[in-house]
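Visitor: Below is one structure. I have some questions about it.
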Amino acid sequence: MDFELTEEQSLLRDTVRDLLARTYDPETRLKVTATELGWSREVWKQLAELGVLGLPFAEDDGGAGAGPVEAMVVLEEVGRRLAPEPIVDAVYLPGSLIDAVGSAEQRARILPELASGATLFAFAHAEPGVRWPSTEIAAAATESGDGYTLTGTKNPVAHGDVADELLVSATLPGGGLGLFLVSPTGSGVTRRTYRTVDGLRGAQIDLDNAPAELLGDAGDAAQAVERALIGVHALLCAESVGAMEEALRLTTDYLRTRKQFGVTLSKFQTLTQRAANMYVSLELARSSSLYATASLADGTADPVIASRTRLQVGRSGRHVGQEAVQMHGGIGVTAEYPVGHYVARLTAIERTLGGGLDHLAVLAARVGDHDLPEL
């Protein structure tokens, strides 16, 4: 297998890297995330013009028809600059579900709007008190005339604060999981917004007989949701790799310039060994992320691969983040210096769609699927 990026993929990486580097130095990012919106509409527009938002969608739907590798390339650059734009939450995740489950009319109506950046969605799936990977959904759909109404609570809903439309999961009247289009400003919908530990935004969505449009037919969408979330796992891993790489770069640069006892910190063997161990963790995460992306590109959406990758990337992210803060000393946890923000984002990613123990439980439950080696 060729692990090198193609010329087109390298060009995509360099273009996104240049855009985000010009936009987000640490000071500018702090100012942008402190605004009410929390990200830049201007950067969003530029990402749409570059075709980044439409990457996963077919050309007939206003996209580029690209695969998982291209999305991985974009998310690594997002992680490298901690860009706060909701590419995955508002476009890639809901768009993949609409593409997989929606009717031809719904795809033609919605996907071009997502690809152009004109409309932002949010996938309201998680519920309070329910740990991933549980598929128990308390939100329920009730038939009402020619449509449906939904009742339940969804939290956390990543970037649900800015969503123009909601894609909500709920139990169908006859059983099974359904996906519904809901207006966040419609009757029976209450949206409570908040900031997250990594400086981004989320919302709690309360539904009380809220009018809803069924996505696709009345079939069970559980497998489509599982497949879409496996894709999100891979994207989160790619973003983590980008964040870890930049955290390591900041740390090694600091060791080369910060002096103690008249010499730079890089002269202390223990610190250089710890930096080398950070590099090992980074490369383990990079290899795991590439494996998960390659599996998706090969048409395999395996929850075991997703959990295996998330477990390794999460462990690597925690190691790299903790060491970065420790070797920077007190400055590593100040709001003005970027290292602490990389650690916050890595921590938030590690807890998104299950933490390390949750993924370990998934893997432990599947041990019996493997044959024991015979000596």
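Going through the structure tokens in order, the chains are called A, B, and so on, while each chain numbers its residues from 1 and the ligands are numbered from 1 in the order shown.
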Give me every strand (DSSP E or B) residue in region 108-213 of chain A, going by DSSP on the backbone, as JSON, numbers by chain.

Guide: {"A": [121, 122, 123, 124, 140, 141, 142, 143, 144, 147, 148, 149, 150, 151, 152, 153, 154, 155, 156, 157, 158, 165, 166, 167, 168, 169, 170, 171, 177, 178, 179, 180, 181, 182, 189, 190, 191, 192, 193, 194, 195, 201, 202, 203, 204, 205, 206, 207, 208, 209, 210, 211, 212, 213]}

Visitor: With N, CA and C atoms retained, could you export that selection as a compact mmCIF listing (two decimals), in the first residue's frame?

Guide:
# COMPACT_ATOMS: atom_id res chain seq x y z
N PHE A 121 -26.16 22.35 9.81
CA PHE A 121 -26.95 21.37 10.52
C PHE A 121 -26.25 21.00 11.83
N ALA A 122 -26.96 20.32 12.70
CA ALA A 122 -26.37 19.70 13.89
C ALA A 122 -27.07 18.37 14.09
N PHE A 123 -26.31 17.34 14.44
CA PHE A 123 -26.88 16.01 14.67
C PHE A 123 -27.17 15.86 16.15
N ALA A 124 -28.45 15.87 16.51
CA ALA A 124 -28.90 15.74 17.89
C ALA A 124 -29.19 14.27 18.16
N ALA A 140 -38.82 10.08 21.44
CA ALA A 140 -39.80 9.26 20.71
C ALA A 140 -40.52 10.10 19.66
N ALA A 141 -40.81 9.43 18.55
CA ALA A 141 -41.57 10.05 17.46
C ALA A 141 -43.01 9.55 17.52
N THR A 142 -43.94 10.46 17.28
CA THR A 142 -45.36 10.12 17.27
C THR A 142 -45.95 10.61 15.95
N GLU A 143 -46.73 9.77 15.31
CA GLU A 143 -47.37 10.18 14.06
C GLU A 143 -48.39 11.26 14.35
N SER A 144 -48.37 12.29 13.49
CA SER A 144 -49.28 13.41 13.66
C SER A 144 -49.72 13.87 12.27
N GLY A 147 -47.36 13.87 9.17
CA GLY A 147 -45.97 13.96 9.61
C GLY A 147 -45.76 13.33 10.98
N TYR A 148 -44.81 13.89 11.71
CA TYR A 148 -44.46 13.37 13.03
C TYR A 148 -44.22 14.52 13.99
N THR A 149 -44.31 14.20 15.27
CA THR A 149 -43.85 15.12 16.32
C THR A 149 -42.86 14.36 17.20
N LEU A 150 -41.90 15.08 17.76
CA LEU A 150 -40.86 14.46 18.58
C LEU A 150 -40.91 15.01 20.00
N THR A 151 -40.63 14.13 20.96
CA THR A 151 -40.55 14.52 22.36
C THR A 151 -39.32 13.87 22.98
N GLY A 152 -38.51 14.66 23.65
CA GLY A 152 -37.31 14.13 24.29
C GLY A 152 -36.27 15.23 24.49
N THR A 153 -35.13 14.83 25.04
CA THR A 153 -34.04 15.77 25.31
C THR A 153 -32.76 15.25 24.68
N LYS A 154 -32.04 16.13 24.00
CA LYS A 154 -30.76 15.79 23.37
C LYS A 154 -29.66 16.69 23.94
N ASN A 155 -28.63 16.06 24.48
CA ASN A 155 -27.52 16.79 25.05
C ASN A 155 -26.35 15.82 25.30
N PRO A 156 -25.14 16.16 24.88
CA PRO A 156 -24.73 17.39 24.19
C PRO A 156 -24.99 17.33 22.69
N VAL A 157 -25.28 18.48 22.11
CA VAL A 157 -25.40 18.62 20.67
C VAL A 157 -24.29 19.57 20.23
N ALA A 158 -23.24 19.00 19.66
CA ALA A 158 -22.08 19.81 19.29
C ALA A 158 -22.46 20.85 18.26
N GLU A 165 -30.69 24.02 10.98
CA GLU A 165 -31.60 22.87 10.99
C GLU A 165 -31.01 21.80 11.89
N LEU A 166 -31.87 21.00 12.48
CA LEU A 166 -31.44 19.90 13.33
C LEU A 166 -31.78 18.57 12.68
N LEU A 167 -30.86 17.63 12.79
CA LEU A 167 -31.10 16.25 12.40
C LEU A 167 -31.19 15.45 13.69
N VAL A 168 -32.39 14.98 14.02
CA VAL A 168 -32.65 14.41 15.34
C VAL A 168 -32.97 12.92 15.22
N SER A 169 -32.37 12.13 16.10
CA SER A 169 -32.69 10.70 16.15
C SER A 169 -33.78 10.47 17.17
N ALA A 170 -34.70 9.57 16.86
CA ALA A 170 -35.80 9.25 17.77
C ALA A 170 -36.32 7.86 17.45
N THR A 171 -36.95 7.25 18.44
CA THR A 171 -37.53 5.93 18.25
C THR A 171 -38.82 6.03 17.45
N LEU A 177 -34.88 2.92 14.83
CA LEU A 177 -34.39 4.29 14.95
C LEU A 177 -34.71 5.08 13.70
N GLY A 178 -35.30 6.25 13.90
CA GLY A 178 -35.59 7.14 12.78
C GLY A 178 -34.80 8.42 12.89
N LEU A 179 -34.57 9.06 11.76
CA LEU A 179 -33.91 10.37 11.71
C LEU A 179 -34.90 11.40 11.18
N PHE A 180 -34.91 12.56 11.82
CA PHE A 180 -35.92 13.57 11.51
C PHE A 180 -35.28 14.94 11.35
N LEU A 181 -35.85 15.72 10.45
CA LEU A 181 -35.44 17.10 10.25
C LEU A 181 -36.35 17.99 11.10
N VAL A 182 -35.72 18.81 11.94
CA VAL A 182 -36.46 19.66 12.88
C VAL A 182 -35.91 21.07 12.81
N VAL A 189 -39.66 23.45 20.47
CA VAL A 189 -38.20 23.27 20.53
C VAL A 189 -37.59 24.35 21.42
N THR A 190 -36.83 23.91 22.42
CA THR A 190 -36.10 24.84 23.29
C THR A 190 -34.61 24.54 23.16
N ARG A 191 -33.84 25.57 22.89
CA ARG A 191 -32.40 25.40 22.69
C ARG A 191 -31.64 26.17 23.78
N ARG A 192 -30.84 25.43 24.57
CA ARG A 192 -30.01 26.06 25.61
C ARG A 192 -28.55 25.88 25.21
N THR A 193 -27.83 26.97 25.02
CA THR A 193 -26.46 26.92 24.51
C THR A 193 -25.45 27.11 25.63
N TYR A 194 -24.24 26.64 25.41
CA TYR A 194 -23.18 26.76 26.40
C TYR A 194 -21.82 26.62 25.71
N ARG A 195 -20.77 27.02 26.43
CA ARG A 195 -19.40 26.85 25.95
C ARG A 195 -18.84 25.57 26.52
N ARG A 201 -18.62 25.40 21.20
CA ARG A 201 -19.99 25.61 21.65
C ARG A 201 -20.80 24.32 21.55
N GLY A 202 -21.82 24.24 22.38
CA GLY A 202 -22.74 23.12 22.34
C GLY A 202 -24.13 23.58 22.76
N ALA A 203 -25.07 22.66 22.75
CA ALA A 203 -26.44 23.03 23.13
C ALA A 203 -27.18 21.82 23.66
N GLN A 204 -28.16 22.12 24.49
CA GLN A 204 -29.16 21.11 24.88
C GLN A 204 -30.43 21.44 24.13
N ILE A 205 -30.99 20.42 23.50
CA ILE A 205 -32.22 20.59 22.72
C ILE A 205 -33.35 19.84 23.42
N ASP A 206 -34.35 20.57 23.86
CA ASP A 206 -35.54 19.97 24.48
C ASP A 206 -36.68 20.00 23.47
N LEU A 207 -37.28 18.84 23.25
CA LEU A 207 -38.35 18.69 22.27
C LEU A 207 -39.65 18.32 22.97
N ASP A 208 -40.70 19.06 22.70
CA ASP A 208 -42.01 18.80 23.30
C ASP A 208 -43.06 18.85 22.20
N ASN A 209 -43.32 17.66 21.62
CA ASN A 209 -44.24 17.56 20.48
C ASN A 209 -43.82 18.50 19.35
N ALA A 210 -42.53 18.51 19.06
CA ALA A 210 -42.00 19.38 18.02
C ALA A 210 -42.28 18.78 16.65
N PRO A 211 -42.81 19.56 15.71
CA PRO A 211 -43.05 19.04 14.35
C PRO A 211 -41.75 18.61 13.70
N ALA A 212 -41.79 17.50 12.97
CA ALA A 212 -40.57 16.94 12.37
C ALA A 212 -40.89 16.30 11.03
N GLU A 213 -39.89 16.33 10.16
CA GLU A 213 -39.98 15.68 8.85
C GLU A 213 -39.10 14.43 8.86

Visitor: I'd like the contact shell of region 328-341 of chain A - 9 Å cut-off, only C-alpha atoms, skipping same-chain residues fewer than 4 positions apart - returned as an MDAnalysis selection string.

Guide: chainID A and resid 26:27 30 82 198:199 246:247 250:251 254:255 321 323:324 345:346

Visitor: Find the residues near region 64-79 of chain A: any atom within 9 Å, counting only C-alpha atoms, skip ones fewer than 6 places away on the same chain, and give them as a PyMOL selection string.

Guide: chain A and resi 5+9-10+12-14+16-17+20+51-52+54-58+85+87-88+92+231+234-246+289-290+293-294+296-297+342+345

Visitor: Next, dump the selected residues to file, keeping only N, CA and C atoms, as a CSV table (one decimal), in the first residue's frame.

Guide:
chain,number,residue,atom,x,y,z
A,5,LEU,N,0.7,10.8,0.2
A,5,LEU,CA,-0.4,11.5,-0.4
A,5,LEU,C,-0.2,11.7,-1.9
A,9,GLN,N,-4.0,15.5,-3.2
A,9,GLN,CA,-4.2,15.5,-1.7
A,9,GLN,C,-3.2,16.4,-1.0
A,10,SER,N,-1.9,16.4,-1.5
A,10,SER,CA,-0.9,17.3,-1.0
A,10,SER,C,-1.3,18.7,-1.2
A,12,LEU,N,-4.3,19.9,-1.6
A,12,LEU,CA,-5.4,20.2,-0.7
A,12,LEU,C,-4.9,20.5,0.7
A,13,ARG,N,-4.0,19.7,1.2
A,13,ARG,CA,-3.4,19.9,2.5
A,13,ARG,C,-2.7,21.3,2.6
A,14,ASP,N,-1.9,21.6,1.6
A,14,ASP,CA,-1.1,22.8,1.6
A,14,ASP,C,-2.1,24.0,1.5
A,16,VAL,N,-5.3,24.2,2.6
A,16,VAL,CA,-6.0,24.4,3.9
A,16,VAL,C,-5.0,24.9,4.9
A,17,ARG,N,-3.8,24.4,4.9
A,17,ARG,CA,-2.8,24.8,5.9
A,17,ARG,C,-2.5,26.3,5.7
A,20,LEU,N,-5.5,28.4,7.0
A,20,LEU,CA,-5.7,28.5,8.5
A,20,LEU,C,-4.5,29.1,9.2
A,51,GLY,N,-14.0,24.4,-1.6
A,51,GLY,CA,-14.6,23.1,-1.8
A,51,GLY,C,-14.4,22.2,-0.7
A,52,VAL,N,-13.8,22.7,0.5
A,52,VAL,CA,-13.6,21.9,1.6
A,52,VAL,C,-14.9,21.3,2.2
A,54,GLY,N,-17.7,20.7,0.8
A,54,GLY,CA,-18.4,19.8,0.0
A,54,GLY,C,-17.6,18.5,-0.4
A,55,LEU,N,-16.4,18.4,0.2
A,55,LEU,CA,-15.5,17.2,-0.1
A,55,LEU,C,-16.2,15.9,-0.2
A,56,PRO,N,-17.0,15.5,0.9
A,56,PRO,CA,-17.5,14.1,0.9
A,56,PRO,C,-18.7,13.9,0.0
A,57,PHE,N,-19.3,14.9,-0.6
A,57,PHE,CA,-20.6,14.8,-1.3
A,57,PHE,C,-20.3,14.6,-2.8
A,58,ALA,N,-21.2,14.0,-3.5
A,58,ALA,CA,-21.1,13.7,-4.9
A,58,ALA,C,-21.2,15.0,-5.7
A,85,GLU,N,-14.0,26.3,13.4
A,85,GLU,CA,-15.1,26.1,12.4
A,85,GLU,C,-15.7,24.7,12.5
A,87,ILE,N,-16.7,22.1,10.9
A,87,ILE,CA,-16.7,21.4,9.7
A,87,ILE,C,-17.4,20.0,9.8
A,88,VAL,N,-17.0,19.3,10.9
A,88,VAL,CA,-17.5,17.9,11.1
A,88,VAL,C,-18.9,18.0,11.6
A,92,TYR,N,-20.1,17.6,7.7
A,92,TYR,CA,-19.7,16.2,7.3
A,92,TYR,C,-20.6,15.1,8.0
A,231,GLY,N,-17.1,7.0,10.9
A,231,GLY,CA,-16.4,8.0,10.1
A,231,GLY,C,-16.0,9.2,10.9
A,234,ALA,N,-12.8,8.5,12.9
A,234,ALA,CA,-11.6,8.6,12.1
A,234,ALA,C,-11.2,10.1,12.0
A,235,LEU,N,-12.2,10.9,11.8
A,235,LEU,CA,-12.0,12.4,11.7
A,235,LEU,C,-11.5,13.0,13.0
A,236,LEU,N,-12.0,12.6,14.1
A,236,LEU,CA,-11.5,13.0,15.4
A,236,LEU,C,-10.1,12.6,15.6
A,237,CYS,N,-9.8,11.4,15.2
A,237,CYS,CA,-8.4,10.9,15.3
A,237,CYS,C,-7.4,11.8,14.5
A,238,ALA,N,-7.9,12.1,13.3
A,238,ALA,CA,-7.0,12.9,12.4
A,238,ALA,C,-6.8,14.3,13.0
A,239,GLU,N,-7.9,14.9,13.6
A,239,GLU,CA,-7.7,16.2,14.2
A,239,GLU,C,-6.8,16.1,15.4
A,240,SER,N,-6.9,15.0,16.1
A,240,SER,CA,-6.0,14.8,17.3
A,240,SER,C,-4.5,14.8,16.9
A,241,VAL,N,-4.3,14.1,15.8
A,241,VAL,CA,-2.9,14.0,15.3
A,241,VAL,C,-2.3,15.3,14.9
A,242,GLY,N,-3.1,16.2,14.3
A,242,GLY,CA,-2.7,17.5,13.9
A,242,GLY,C,-2.4,18.3,15.2
A,243,ALA,N,-3.3,18.2,16.2
A,243,ALA,CA,-3.1,18.9,17.5
A,243,ALA,C,-1.8,18.4,18.2
A,244,MET,N,-1.6,17.1,18.2
A,244,MET,CA,-0.4,16.6,18.9
A,244,MET,C,0.8,17.0,18.2
A,245,GLU,N,0.8,17.0,16.9
A,245,GLU,CA,2.0,17.4,16.1
A,245,GLU,C,2.4,18.9,16.5
A,246,GLU,N,1.5,19.7,16.6
A,246,GLU,CA,1.8,21.1,16.9
A,246,GLU,C,2.2,21.3,18.3
A,289,SER,N,-4.4,6.4,13.2
A,289,SER,CA,-5.4,7.2,12.4
A,289,SER,C,-5.4,6.8,10.9
A,290,LEU,N,-4.2,6.7,10.4
A,290,LEU,CA,-4.1,6.3,9.0
A,290,LEU,C,-4.8,4.9,8.7
A,293,THR,N,-8.5,5.4,8.6
A,293,THR,CA,-9.0,6.1,7.4
A,293,THR,C,-8.8,5.2,6.2
A,294,ALA,N,-7.7,4.4,6.1
A,294,ALA,CA,-7.6,3.5,5.0
A,294,ALA,C,-8.6,2.4,5.0
A,296,LEU,N,-11.7,2.8,6.0
A,296,LEU,CA,-12.9,3.5,5.5
A,296,LEU,C,-12.8,3.6,4.0
A,297,ALA,N,-11.6,4.0,3.5
A,297,ALA,CA,-11.4,4.2,2.1
A,297,ALA,C,-11.6,2.9,1.3
A,342,TYR,N,-4.3,23.4,23.2
A,342,TYR,CA,-4.2,22.1,22.5
A,342,TYR,C,-4.5,21.0,23.4
A,345,ARG,N,-8.3,20.8,23.8
A,345,ARG,CA,-9.0,20.2,22.7
A,345,ARG,C,-8.8,18.7,22.6

Visitor: Go through region 167-231 of chain A and collect every residue that DSSP, computed from the backbone, puts in alpha helix (DSSP H); the answer should be as a list in words.

Guide: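 Answer for region 167-231 of chain A restricted to alpha helix (DSSP H) is Ala222, Gln223, Ala224, Val225, Glu226, Arg227, Ala228, Leu229, Ile230 and Gly231 of chain A.
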
Visitor: Between A:Leu248, A:Leu37, A:Leu111, A:Ala118, which one has atoms that come closest to Met278 (chain A), using only C-alpha atoms?

Guide: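 Going through A:Leu248, A:Leu37, A:Leu111, A:Ala118 one by one, the smallest distance to Met278 (chain A) is for A:Leu248.
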